[in-house]
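K.L.:
This one is coords-v4.pdb, PDB, C-alpha atoms.
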```
ATOM      1  CA  MET A   1      -7.438  12.813   7.256
ATOM      2  CA  PRO A   2      -9.490  12.188  10.441
ATOM      3  CA  TYR A   3     -11.682   9.128  10.705
ATOM      4  CA  HIS A   4     -15.413   9.655  11.191
ATOM      5  CA  TYR A   5     -17.124   7.264  13.564
ATOM      6  CA  ALA A   6     -19.645   9.722  14.987
ATOM      7  CA  ASN A   7     -22.678   7.473  14.450
ATOM      8  CA  SER A   8     -20.941   4.117  14.895
ATOM      9  CA  GLN A   9     -20.892   1.550  17.675
ATOM     10  CA  LEU A  10     -17.356   2.635  18.604
ATOM     11  CA  LYS A  11     -17.018   4.387  21.971
ATOM     12  CA  ILE A  12     -13.871   5.873  23.511
ATOM     13  CA  PHE A  13     -13.711   6.588  27.227
ATOM     14  CA  SER A  14     -10.990   8.334  29.198
ATOM     15  CA  LEU A  15     -10.087   7.919  32.845
ATOM     16  CA  ASN A  16      -7.859  10.260  34.858
ATOM     17  CA  SER A  17      -4.276   9.338  33.905
ATOM     18  CA  ASN A  18      -3.982  11.072  30.528
ATOM     19  CA  ASN A  19      -7.138  12.895  29.477
ATOM     20  CA  PRO A  20      -5.346  15.210  26.969
ATOM     21  CA  LEU A  21      -4.097  12.178  24.996
ATOM     22  CA  ALA A  22      -7.569  10.597  25.049
ATOM     23  CA  GLN A  23      -9.030  13.874  23.762
ATOM     24  CA  GLU A  24      -6.474  13.911  20.926
ATOM     25  CA  ILE A  25      -7.286  10.300  19.992
ATOM     26  CA  ALA A  26     -11.034  11.037  19.950
ATOM     27  CA  LYS A  27     -10.432  14.133  17.779
ATOM     28  CA  GLU A  28      -8.336  12.082  15.327
ATOM     29  CA  MET A  29     -11.246   9.641  15.052
ATOM     30  CA  GLY A  30     -13.964  12.243  14.719
ATOM     31  CA  VAL A  31     -15.835  11.185  17.865
ATOM     32  CA  GLU A  32     -16.645  12.713  21.226
ATOM     33  CA  LEU A  33     -15.236  11.048  24.324
ATOM     34  CA  GLY A  34     -17.811   8.885  26.087
ATOM     35  CA  LYS A  35     -19.564  10.386  29.088
ATOM     36  CA  SER A  36     -18.403   8.941  32.391
ATOM     37  CA  SER A  37     -17.373  10.158  35.823
ATOM     38  CA  VAL A  38     -14.776   9.033  38.351
ATOM     39  CA  LYS A  39     -15.564   9.970  41.938
ATOM     40  CA  HIS A  40     -14.277   8.942  45.341
ATOM     41  CA  PHE A  41     -16.097   7.978  48.505
ATOM     42  CA  SER A  42     -14.846   9.664  51.687
ATOM     43  CA  ASP A  43     -12.620   6.666  52.502
ATOM     44  CA  GLY A  44     -10.924   6.838  49.081
ATOM     45  CA  GLU A  45     -12.854   4.068  47.325
ATOM     46  CA  ILE A  46     -13.338   4.749  43.605
ATOM     47  CA  GLN A  47     -16.826   5.042  42.129
ATOM     48  CA  ILE A  48     -17.290   5.069  38.353
ATOM     49  CA  ASN A  49     -20.477   5.898  36.482
ATOM     50  CA  ILE A  50     -20.969   5.432  32.733
ATOM     51  CA  GLU A  51     -23.449   8.120  31.730
ATOM     52  CA  GLU A  52     -24.617   6.806  28.341
ATOM     53  CA  SER A  53     -25.748   3.493  26.861
ATOM     54  CA  ILE A  54     -22.946   1.268  25.543
ATOM     55  CA  ARG A  55     -24.985  -1.895  24.975
ATOM     56  CA  GLY A  56     -23.577  -3.807  22.008
ATOM     57  CA  CYS A  57     -20.781  -1.260  21.467
ATOM     58  CA  ASP A  58     -17.052  -1.757  20.967
ATOM     59  CA  VAL A  59     -15.625   0.218  23.881
ATOM     60  CA  PHE A  60     -12.029   1.499  24.075
ATOM     61  CA  ILE A  61     -10.798   2.721  27.481
ATOM     62  CA  VAL A  62      -7.717   4.987  27.389
ATOM     63  CA  GLN A  63      -5.663   4.792  30.578
ATOM     64  CA  SER A  64      -1.916   4.790  31.244
ATOM     65  CA  THR A  65      -0.992   3.201  34.553
ATOM     66  CA  SER A  66       1.439   5.996  35.410
ATOM     67  CA  ALA A  67       1.851   7.720  38.788
ATOM     68  CA  PRO A  68      -0.085   7.353  41.005
ATOM     69  CA  VAL A  69       0.174   3.839  39.544
ATOM     70  CA  ASN A  70      -2.103   1.958  41.944
ATOM     71  CA  GLU A  71      -4.851   4.606  41.741
ATOM     72  CA  HIS A  72      -4.848   4.550  37.947
ATOM     73  CA  LEU A  73      -4.707   0.756  37.780
ATOM     74  CA  MET A  74      -7.673   0.443  40.137
ATOM     75  CA  GLU A  75      -9.646   3.027  38.109
ATOM     76  CA  LEU A  76      -8.984   0.957  35.006
ATOM     77  CA  LEU A  77     -10.039  -2.357  36.560
ATOM     78  CA  ILE A  78     -13.276  -0.863  37.909
ATOM     79  CA  MET A  79     -14.027   0.787  34.538
ATOM     80  CA  VAL A  80     -13.463  -2.518  32.692
ATOM     81  CA  ASP A  81     -15.896  -4.235  35.071
ATOM     82  CA  ALA A  82     -18.456  -1.442  34.632
ATOM     83  CA  VAL A  83     -18.223  -1.602  30.829
ATOM     84  CA  LYS A  84     -18.559  -5.394  30.790
ATOM     85  CA  ARG A  85     -21.633  -5.248  33.071
ATOM     86  CA  ALA A  86     -23.166  -2.561  30.835
ATOM     87  CA  SER A  87     -23.339  -5.164  28.004
ATOM     88  CA  ALA A  88     -20.581  -3.799  25.769
ATOM     89  CA  ARG A  89     -19.774  -6.116  22.856
ATOM     90  CA  THR A  90     -16.014  -5.823  23.370
ATOM     91  CA  VAL A  91     -13.929  -4.210  26.138
ATOM     92  CA  ASN A  92     -10.652  -2.874  24.698
ATOM     93  CA  VAL A  93      -8.041  -1.448  27.052
ATOM     94  CA  VAL A  94      -5.737   1.162  25.476
ATOM     95  CA  MET A  95      -2.682   1.410  27.758
ATOM     96  CA  PRO A  96      -0.124   3.780  26.248
ATOM     97  CA  TYR A  97       2.062   3.049  29.304
ATOM     98  CA  TYR A  98       1.883  -0.342  31.058
ATOM     99  CA  GLY A  99       2.883   0.121  34.696
ATOM    100  CA  TYR A 100       4.661  -2.650  36.639
ATOM    101  CA  ALA A 101       6.240  -3.830  33.349
ATOM    102  CA  ARG A 102       9.724  -3.742  34.907
ATOM    103  CA  GLN A 103       8.713  -6.532  37.297
ATOM    104  CA  ASP A 104       8.540  -9.083  34.489
ATOM    105  CA  ARG A 105      10.625 -11.933  35.939
ATOM    106  CA  LYS A 106      12.086 -13.281  39.167
ATOM    107  CA  ALA A 107      15.498 -11.644  39.266
ATOM    108  CA  LYS A 108      16.126 -13.085  42.730
ATOM    109  CA  ALA A 109      14.445 -15.447  45.182
ATOM    110  CA  ARG A 110      10.956 -14.708  46.535
ATOM    111  CA  GLU A 111      10.226 -11.851  44.119
ATOM    112  CA  PRO A 112       6.776 -11.432  42.524
ATOM    113  CA  ILE A 113       6.178 -11.230  38.769
ATOM    114  CA  THR A 114       3.877  -8.221  38.989
ATOM    115  CA  ALA A 115       3.646  -7.644  35.216
ATOM    116  CA  LYS A 116       1.921 -11.039  34.983
ATOM    117  CA  LEU A 117      -0.359 -10.213  37.925
ATOM    118  CA  VAL A 118      -1.534  -7.017  36.176
ATOM    119  CA  ALA A 119      -2.284  -9.047  33.021
ATOM    120  CA  ASN A 120      -4.329 -11.502  35.113
ATOM    121  CA  LEU A 121      -6.242  -8.662  36.782
ATOM    122  CA  LEU A 122      -7.185  -7.089  33.425
ATOM    123  CA  GLU A 123      -8.408 -10.436  32.074
ATOM    124  CA  THR A 124     -10.369 -11.244  35.228
ATOM    125  CA  ALA A 125     -11.992  -7.791  35.215
ATOM    126  CA  GLY A 126     -13.323  -8.535  31.717
ATOM    127  CA  ALA A 127     -10.986  -6.983  29.132
ATOM    128  CA  THR A 128     -11.226  -8.672  25.729
ATOM    129  CA  ARG A 129      -8.227  -6.924  24.128
ATOM    130  CA  VAL A 130      -5.276  -4.762  25.171
ATOM    131  CA  ILE A 131      -3.423  -2.193  23.044
ATOM    132  CA  VAL A 132      -0.058  -1.159  24.489
ATOM    133  CA  LEU A 133       2.972   0.848  23.375
ATOM    134  CA  ASP A 134       6.566  -0.285  23.905
ATOM    135  CA  LEU A 135       6.361  -2.813  26.697
ATOM    136  CA  HIS A 136       9.523  -2.886  28.813
ATOM    137  CA  ALA A 137       9.978  -6.517  27.746
ATOM    138  CA  PRO A 138       8.163  -7.722  24.584
ATOM    139  CA  GLN A 139       7.630 -11.162  26.138
ATOM    140  CA  ILE A 140       5.065  -9.606  28.505
ATOM    141  CA  GLN A 141       2.677 -10.143  25.562
ATOM    142  CA  GLY A 142       2.835 -13.823  26.495
ATOM    143  CA  PHE A 143       1.427 -13.053  29.961
ATOM    144  CA  PHE A 144      -1.966 -12.422  28.326
ATOM    145  CA  ASP A 145      -4.457 -15.065  27.201
ATOM    146  CA  ILE A 146      -6.524 -12.353  25.493
ATOM    147  CA  LEU A 147      -5.668 -10.436  22.311
ATOM    148  CA  ILE A 148      -2.859  -7.905  22.571
ATOM    149  CA  ASP A 149      -1.502  -5.378  20.075
ATOM    150  CA  HIS A 150       2.010  -4.141  20.821
ATOM    151  CA  LEU A 151       2.753  -0.807  19.112
ATOM    152  CA  MET A 152       6.171   0.840  18.807
ATOM    153  CA  ALA A 153       7.274   4.466  19.100
ATOM    154  CA  VAL A 154      10.549   3.964  17.177
ATOM    155  CA  PRO A 155       9.064   5.130  13.820
ATOM    156  CA  LEU A 156       7.729   8.333  15.438
ATOM    157  CA  LEU A 157      11.020   9.083  17.222
ATOM    158  CA  SER A 158      13.075   8.236  14.110
ATOM    159  CA  ASP A 159      11.008  10.571  11.923
ATOM    160  CA  TYR A 160      11.629  13.409  14.386
ATOM    161  CA  PHE A 161      15.411  12.950  14.237
ATOM    162  CA  LYS A 162      15.267  12.607  10.436
ATOM    163  CA  SER A 163      13.601  16.027  10.311
ATOM    164  CA  LYS A 164      16.657  17.552  12.028
ATOM    165  CA  GLY A 165      18.708  16.847   8.895
ATOM    166  CA  ILE A 166      21.733  15.404  10.707
ATOM    167  CA  PRO A 167      24.014  13.760   8.076
ATOM    168  CA  GLU A 168      23.797   9.948   8.208
ATOM    169  CA  ASP A 169      27.585   9.542   8.413
ATOM    170  CA  GLU A 170      27.657  11.679  11.585
ATOM    171  CA  LEU A 171      25.002   9.691  13.471
ATOM    172  CA  VAL A 172      25.373   6.859  15.949
ATOM    173  CA  ILE A 173      22.460   5.261  17.831
ATOM    174  CA  VAL A 174      23.334   4.231  21.380
ATOM    175  CA  SER A 175      21.697   1.655  23.619
ATOM    176  CA  PRO A 176      22.144   2.549  27.318
ATOM    177  CA  ASP A 177      22.476  -1.171  28.169
ATOM    178  CA  HIS A 178      22.626  -4.615  26.568
ATOM    179  CA  GLY A 179      18.880  -5.166  27.025
ATOM    180  CA  GLY A 180      18.002  -2.252  24.723
ATOM    181  CA  VAL A 181      20.113  -3.305  21.726
ATOM    182  CA  THR A 182      17.107  -4.522  19.680
ATOM    183  CA  ARG A 183      15.374  -1.155  20.125
ATOM    184  CA  ALA A 184      18.542   0.756  19.185
ATOM    185  CA  ARG A 185      19.017  -1.438  16.105
ATOM    186  CA  LYS A 186      15.468  -0.702  14.906
ATOM    187  CA  MET A 187      16.139   3.030  15.065
ATOM    188  CA  ALA A 188      19.584   2.591  13.497
ATOM    189  CA  GLU A 189      18.030   0.762  10.525
ATOM    190  CA  ARG A 190      15.581   3.624   9.996
ATOM    191  CA  LEU A 191      18.270   6.305  10.250
ATOM    192  CA  LYS A 192      20.912   4.228   8.372
ATOM    193  CA  ALA A 193      23.347   4.677  11.256
ATOM    194  CA  PRO A 194      25.675   2.364  13.229
ATOM    195  CA  ILE A 195      24.981   1.452  16.848
ATOM    196  CA  ALA A 196      26.995   1.605  20.055
ATOM    197  CA  ILE A 197      26.299   0.053  23.452
ATOM    198  CA  ILE A 198      26.992   1.362  26.934
ATOM    199  CA  ASP A 199      28.171  -1.539  29.060
ATOM    200  CA  LYS A 200      26.974  -0.717  32.556
ATOM    201  CA  ARG A 201      26.473  -2.356  35.893
ATOM    202  CA  ARG A 202      23.523  -1.585  38.187
ATOM    203  CA  PRO A 203      24.539  -2.190  41.833
ATOM    204  CA  LYS A 204      20.973  -1.542  43.082
ATOM    205  CA  PRO A 205      17.636  -0.296  41.635
ATOM    206  CA  ASN A 206      17.740   3.224  40.128
ATOM    207  CA  VAL A 207      21.533   3.378  40.505
ATOM    208  CA  ALA A 208      23.660   2.918  37.373
ATOM    209  CA  GLU A 209      27.416   2.808  36.954
ATOM    210  CA  VAL A 210      28.923   3.098  33.454
ATOM    211  CA  MET A 211      31.668   0.634  32.605
ATOM    212  CA  ASN A 212      32.676   1.312  28.984
ATOM    213  CA  ILE A 213      31.318   2.101  25.515
ATOM    214  CA  VAL A 214      31.254  -0.594  22.835
ATOM    215  CA  GLY A 215      31.442   1.082  19.408
ATOM    216  CA  ASN A 216      32.822   4.269  17.892
ATOM    217  CA  VAL A 217      31.220   7.551  19.008
ATOM    218  CA  GLU A 218      34.121   9.980  18.495
ATOM    219  CA  GLY A 219      33.085  13.058  16.508
ATOM    220  CA  LYS A 220      29.529  11.710  16.139
ATOM    221  CA  VAL A 221      26.062  12.962  17.037
ATOM    222  CA  ALA A 222      24.883  10.288  19.477
ATOM    223  CA  ILE A 223      21.216   9.452  20.044
ATOM    224  CA  LEU A 224      20.530   7.476  23.225
ATOM    225  CA  ILE A 225      17.300   5.476  23.024
ATOM    226  CA  ASP A 226      15.448   3.774  25.893
ATOM    227  CA  ASP A 227      11.866   2.699  26.566
ATOM    228  CA  ILE A 228      11.493   4.263  30.039
ATOM    229  CA  ILE A 229      13.354   7.145  31.663
ATOM    230  CA  ASP A 230      12.560   7.116  35.378
ATOM    231  CA  THR A 231      15.068   8.859  37.664
ATOM    232  CA  ALA A 232      17.265   9.624  34.591
ATOM    233  CA  GLY A 233      20.403   8.265  36.274
ATOM    234  CA  THR A 234      21.207   5.777  33.506
ATOM    235  CA  ILE A 235      20.574   8.166  30.624
ATOM    236  CA  THR A 236      22.477  11.159  32.077
ATOM    237  CA  ILE A 237      25.500   9.118  33.154
ATOM    238  CA  GLY A 238      25.457   7.568  29.678
ATOM    239  CA  ALA A 239      25.300  10.990  28.011
ATOM    240  CA  ASP A 240      28.228  12.263  30.074
ATOM    241  CA  ALA A 241      30.219   9.123  29.187
ATOM    242  CA  LEU A 242      29.486   9.627  25.471
ATOM    243  CA  ARG A 243      30.751  13.214  25.596
ATOM    244  CA  ALA A 244      33.853  12.045  27.452
ATOM    245  CA  ALA A 245      34.389   9.460  24.682
ATOM    246  CA  GLY A 246      34.360  12.215  22.043
ATOM    247  CA  ALA A 247      30.734  12.497  20.887
ATOM    248  CA  LYS A 248      30.166  16.070  19.681
ATOM    249  CA  GLU A 249      26.457  16.168  20.609
ATOM    250  CA  VAL A 250      24.182  13.869  22.603
ATOM    251  CA  TYR A 251      20.432  13.561  22.177
ATOM    252  CA  ALA A 252      18.256  11.166  24.162
ATOM    253  CA  CYS A 253      14.804   9.759  23.506
ATOM    254  CA  CYS A 254      12.325   7.392  25.116
ATOM    255  CA  SER A 255       8.731   6.229  24.819
ATOM    256  CA  HIS A 256       7.685   6.678  28.447
ATOM    257  CA  PRO A 257       8.790   9.773  30.419
ATOM    258  CA  VAL A 258       8.219   8.566  33.995
ATOM    259  CA  LEU A 259      10.699  11.247  35.180
ATOM    260  CA  SER A 260      10.438  10.707  38.921
ATOM    261  CA  GLY A 261      12.548  12.078  41.781
ATOM    262  CA  PRO A 262      15.614  14.037  40.616
ATOM    263  CA  ALA A 263      15.057  13.287  36.901
ATOM    264  CA  ILE A 264      14.401  16.840  35.656
ATOM    265  CA  GLU A 265      17.322  18.335  37.581
ATOM    266  CA  ARG A 266      19.640  15.595  36.289
ATOM    267  CA  ILE A 267      18.542  16.112  32.675
ATOM    268  CA  GLU A 268      18.972  19.883  32.858
ATOM    269  CA  ASN A 269      22.480  19.519  34.333
ATOM    270  CA  SER A 270      23.578  16.769  31.924
ATOM    271  CA  ALA A 271      25.319  16.657  28.546
ATOM    272  CA  ILE A 272      21.976  15.892  26.859
ATOM    273  CA  LYS A 273      21.175  18.577  24.264
ATOM    274  CA  GLU A 274      17.516  17.532  23.904
ATOM    275  CA  LEU A 275      15.378  14.768  25.404
ATOM    276  CA  VAL A 276      12.628  13.617  23.030
ATOM    277  CA  VAL A 277       9.720  11.758  24.641
ATOM    278  CA  THR A 278       6.156  10.799  23.739
ATOM    279  CA  ASN A 279       2.942  11.715  25.556
ATOM    280  CA  THR A 280       2.100   8.193  26.782
ATOM    281  CA  ILE A 281       2.460   9.795  30.219
ATOM    282  CA  GLN A 282       1.080  13.262  30.851
ATOM    283  CA  LEU A 283       3.840  15.560  32.094
ATOM    284  CA  SER A 284       2.955  17.795  35.027
ATOM    285  CA  GLU A 285       3.934  21.474  35.011
ATOM    286  CA  GLU A 286       7.049  20.896  37.138
ATOM    287  CA  LYS A 287       8.297  18.300  34.630
ATOM    288  CA  LEU A 288       8.213  20.655  31.665
ATOM    289  CA  SER A 289      11.733  21.692  30.706
ATOM    290  CA  PRO A 290      13.244  23.593  27.740
ATOM    291  CA  LYS A 291      15.344  20.466  27.118
ATOM    292  CA  ILE A 292      12.313  18.183  26.755
ATOM    293  CA  LYS A 293      10.402  17.785  23.466
ATOM    294  CA  GLN A 294       7.160  15.774  23.646
ATOM    295  CA  LEU A 295       5.735  14.033  20.560
ATOM    296  CA  SER A 296       2.148  12.820  20.347
ATOM    297  CA  VAL A 297       1.213   9.146  19.867
ATOM    298  CA  ALA A 298      -2.465  10.085  19.325
ATOM    299  CA  LYS A 299      -2.462   9.323  15.589
ATOM    300  CA  LEU A 300      -0.706   5.977  16.117
ATOM    301  CA  MET A 301      -3.233   5.016  18.806
ATOM    302  CA  ALA A 302      -6.164   6.232  16.679
ATOM    303  CA  ASP A 303      -4.911   4.181  13.717
ATOM    304  CA  ALA A 304      -4.653   1.078  15.927
ATOM    305  CA  ILE A 305      -8.148   1.568  17.377
ATOM    306  CA  SER A 306      -9.586   2.110  13.904
ATOM    307  CA  ARG A 307      -7.932  -1.031  12.533
ATOM    308  CA  VAL A 308      -9.101  -3.135  15.472
ATOM    309  CA  TYR A 309     -12.648  -1.803  15.102
ATOM    310  CA  GLU A 310     -12.713  -2.442  11.345
ATOM    311  CA  ASN A 311     -11.007  -5.875  11.620
ATOM    312  CA  LYS A 312      -8.002  -4.701   9.574
ATOM    313  CA  SER A 313      -4.346  -5.616  10.040
ATOM    314  CA  VAL A 314      -2.569  -3.722  12.823
ATOM    315  CA  SER A 315       0.895  -4.951  11.794
ATOM    316  CA  THR A 316       1.117  -2.346   8.998
ATOM    317  CA  LEU A 317       1.594   0.262  11.746
ATOM    318  CA  PHE A 318       5.015  -1.273  12.511
ATOM    319  CA  ASP A 319       6.366  -0.424   9.013
TER     320      ASP A 319
END
```
Do you think you could lay out the structure here as structure tokens?
P.N.:
Amino acid sequence: MPYHYANSQLKIFSLNSNNPLAQEIAKEMGVELGKSSVKHFSDGEIQINIEESIRGCDVFIVQSTSAPVNEHLMELLIMVDAVKRASARTVNVVMPYYGYARQDRKAKAREPITAKLVANLLETAGATRVIVLDLHAPQIQGFFDILIDHLMAVPLLSDYFKSKGIPEDELVIVSPDHGGVTRARKMAERLKAPIAIIDKRRPKPNVAEVMNIVGNVEGKVAILIDDIIDTAGTITIGADALRAAGAKEVYACCSHPVLSGPAIERIENSAIKELVVTNTIQLSEEKLSPKIKQLSVAKLMADAISRVYENKSVSTLFD
């Protein structure tokens, strides 16, 4: 049943990265999106106007920092500053997709830790809380000195595969690399299935080379799970390797469909029967494919916003 906050001090604003998701969240909560505008000066500078009073309100700004990443990040920082200066009581950033999350450590000398820089920028701009979904590395939560709620898409994705009625003894959940084992295990526990791991080497960014498969996939329906699918090299090579190892069907799923470069072509030409993604990132027309099924995280986000606003536990959403 939808929440009803129509006459409350709760305000939800949307910027340009994913307006359809923001609209869905507002509808779930029984409120209208806040009135604001994002314009550009002739040299490209961003100008934001908030077109209603938010004094003393709890403001939630919905913005994924997806492509164009820098444009959307700058919009968000300017909006946070505007909201803070308009005397909002709290400034809550709802980031379904946290860009730059893959730059979370120094993998080699003289590299930046950009995920930490983004956290610093949000705090400096004036954010009082951040709500995110499936960070690339959970320890990014520690980059923030403000409150952060880290939601997970595994329950949503698991429920979708449960609805397909695949027998439990035919399922295997596959992590495309060692780093994703925890995520795969969470889905495996929900679907009462074993896990397998693709042992791969990555010679350079966005290039993956499969080594071997740890675990039994022969005669099974394999579900590959990842947090981000970008160029789709890892996931499609993995799917082809699973079929070669005897899997009878291969599904894939992820939280964040970045799908850049040759991703769509690779997915359509791969062994993947269906790719299940969420709408943390709005898919453009050219990224819509018969193989791709998009699930909405609007209810999950609305539940989190409601619980934050009402000072209730958010951790129940992980169950």
K.L.:
In the coordinate frame of the file, compute which residues have an atom within 12 Å of (10.6, 5.1, 15.5) when using all atoms listed in the file, and state them as a PyMOL selection string.
P.N.:
chain A and resi 133-134+151-162+183-191+225-227+253-255+276-278+295+297+300+317-319
K.L.:
What is the distance, in Å and to one decimal place, between CA of Ile235 in chain A and CA of Asp177 in chain A?
P.N.:
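Between CA of Ile235 in chain A and CA of Asp177 in chain A the gap is 9.8 Å.
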K.L.:
Any idea what's packed within 9 Å of Arg102 in chain A, counting all atoms listed in the file, ignoring anything in its chain fewer than 3 positions away? Could you give it as a ChimeraX atom specification?
P.N.:
/A:99,105,114-115,135-137
K.L.:
Could you please determine the separation between CA of Ile237 in chain A and CA of Val69 in chain A in Å, to one decimal place?
P.N.:
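Calculated distance between CA of Ile237 in chain A and CA of Val69 in chain A is 26.6 Å.
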K.L.:
Closest to Thr90 in chain A among A:Arg129, A:Lys116, A:Lys27, A:Lys293, using all atoms listed in the file?
P.N.:
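For Thr90 in chain A, the nearest of the candidates is A:Arg129.
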K.L.:
Spell out the residues picked by the PyMOL selection byres ((chain A and resi 230) around 8) here, as a ChimeraX atom specification.
P.N.:
/A:228-229,231-233,257-260,263
K.L.:
Looking at only C-alpha atoms, which of A:Gln103, A:Asn92, A:Ser284, A:Asn269 is the one that sits closest to Pro205 in chain A?
P.N.:
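When distances to Pro205 in chain A are compared using only C-alpha atoms, the smallest one comes from A:Gln103.
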K.L.:
Using the chain letters and numbering of this document, enumerate as a ChimeraX atom specification the residues selected by the PyMOL selection byres ((chain A and resi 240) around 12).
P.N.:
/A:176,198,209-210,212-213,222,224,233-239,241-252,266-267,269-273
K.L.:
Please produce a file of those selected residues containing C-alpha atoms, as an mmCIF file, keeping the file's coordinate frame.
P.N.:
```
data_model
loop_
_atom_site.group_PDB
_atom_site.id
_atom_site.type_symbol
_atom_site.label_atom_id
_atom_site.label_comp_id
_atom_site.auth_asym_id
_atom_site.auth_seq_id
_atom_site.Cartn_x
_atom_site.Cartn_y
_atom_site.Cartn_z
ATOM 1 C CA PRO A 176 22.144 2.549 27.318
ATOM 2 C CA ILE A 198 26.992 1.362 26.934
ATOM 3 C CA GLU A 209 27.416 2.808 36.954
ATOM 4 C CA VAL A 210 28.923 3.098 33.454
ATOM 5 C CA ASN A 212 32.676 1.312 28.984
ATOM 6 C CA ILE A 213 31.318 2.101 25.515
ATOM 7 C CA ALA A 222 24.883 10.288 19.477
ATOM 8 C CA LEU A 224 20.530 7.476 23.225
ATOM 9 C CA GLY A 233 20.403 8.265 36.274
ATOM 10 C CA THR A 234 21.207 5.777 33.506
ATOM 11 C CA ILE A 235 20.574 8.166 30.624
ATOM 12 C CA THR A 236 22.477 11.159 32.077
ATOM 13 C CA ILE A 237 25.500 9.118 33.154
ATOM 14 C CA GLY A 238 25.457 7.568 29.678
ATOM 15 C CA ALA A 239 25.300 10.990 28.011
ATOM 16 C CA ALA A 241 30.219 9.123 29.187
ATOM 17 C CA LEU A 242 29.486 9.627 25.471
ATOM 18 C CA ARG A 243 30.751 13.214 25.596
ATOM 19 C CA ALA A 244 33.853 12.045 27.452
ATOM 20 C CA ALA A 245 34.389 9.460 24.682
ATOM 21 C CA GLY A 246 34.360 12.215 22.043
ATOM 22 C CA ALA A 247 30.734 12.497 20.887
ATOM 23 C CA LYS A 248 30.166 16.070 19.681
ATOM 24 C CA GLU A 249 26.457 16.168 20.609
ATOM 25 C CA VAL A 250 24.182 13.869 22.603
ATOM 26 C CA TYR A 251 20.432 13.561 22.177
ATOM 27 C CA ALA A 252 18.256 11.166 24.162
ATOM 28 C CA ARG A 266 19.640 15.595 36.289
ATOM 29 C CA ILE A 267 18.542 16.112 32.675
ATOM 30 C CA ASN A 269 22.480 19.519 34.333
ATOM 31 C CA SER A 270 23.578 16.769 31.924
ATOM 32 C CA ALA A 271 25.319 16.657 28.546
ATOM 33 C CA ILE A 272 21.976 15.892 26.859
ATOM 34 C CA LYS A 273 21.175 18.577 24.264
#
```
K.L.:
Given only C-alpha atoms as the basis, pick out the residue of A:Ala67, A:Met29, A:Ile140, A:Ala107 nearest to Asn16 in chain A.
P.N.:
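Answer, going by the shortest atom-to-atom distance: A:Ala67.
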K.L.:
Could you list, as a PyMOL selection string, every residue within 9 Å of Lys39 in chain A, counting all atoms listed in the file and ignoring same-chain residues fewer than 5 positions away?
P.N.:
chain A and resi 45-49
K.L.:
Applied to this file, what does the PyMOL selection byres ((chain A and resi 308-316) around 12) return in terms of residues, put as a ChimeraX atom specification?
P.N.:
/A:3,5,8-12,29,57-60,89-94,128-131,147-152,155,300-307,317-319
K.L.:
Report the distance between CA of Ser37 in chain A and CA of Ala82 in chain A in Å, rounded to one decimal place.
P.N.:
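Pair CA of Ser37 in chain A / CA of Ala82 in chain A returns 11.7 Å.
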K.L.:
Need the neighbours of (-3.8, -14.4, 29.1): which residues are at most 9 Å away, counting all atoms listed in the file, as a list in words?
P.N.:
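All residues meeting the 9 Å criterion around (-3.8, -14.4, 29.1) are Lys116, Ala119, Asn120, Glu123, Gln141, Gly142, Phe143, Phe144, Asp145, Ile146 and Leu147 of chain A.
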K.L.:
As AutoDock Vina command-line options, please: the centre and edge lengths in Å, to one decimal, of an axis-aligned box enclosing every listed atom of range 118-126 of chain A with 8 Å added on each side.
P.N.:
```
--center_x -7.4 --center_y -9.3 --center_z 34.2 --size_x 27.8 --size_y 20.5 --size_z 21.1
```
K.L.:
Of the candidates A:Ile78, A:Ile197, A:Ile264, A:Ala298, which shows the shortest atom-to-atom distance to Glu286 in chain A, using all atoms listed in the file?
P.N.:
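That would be A:Ile264, the residue with the smallest distance to Glu286 in chain A.
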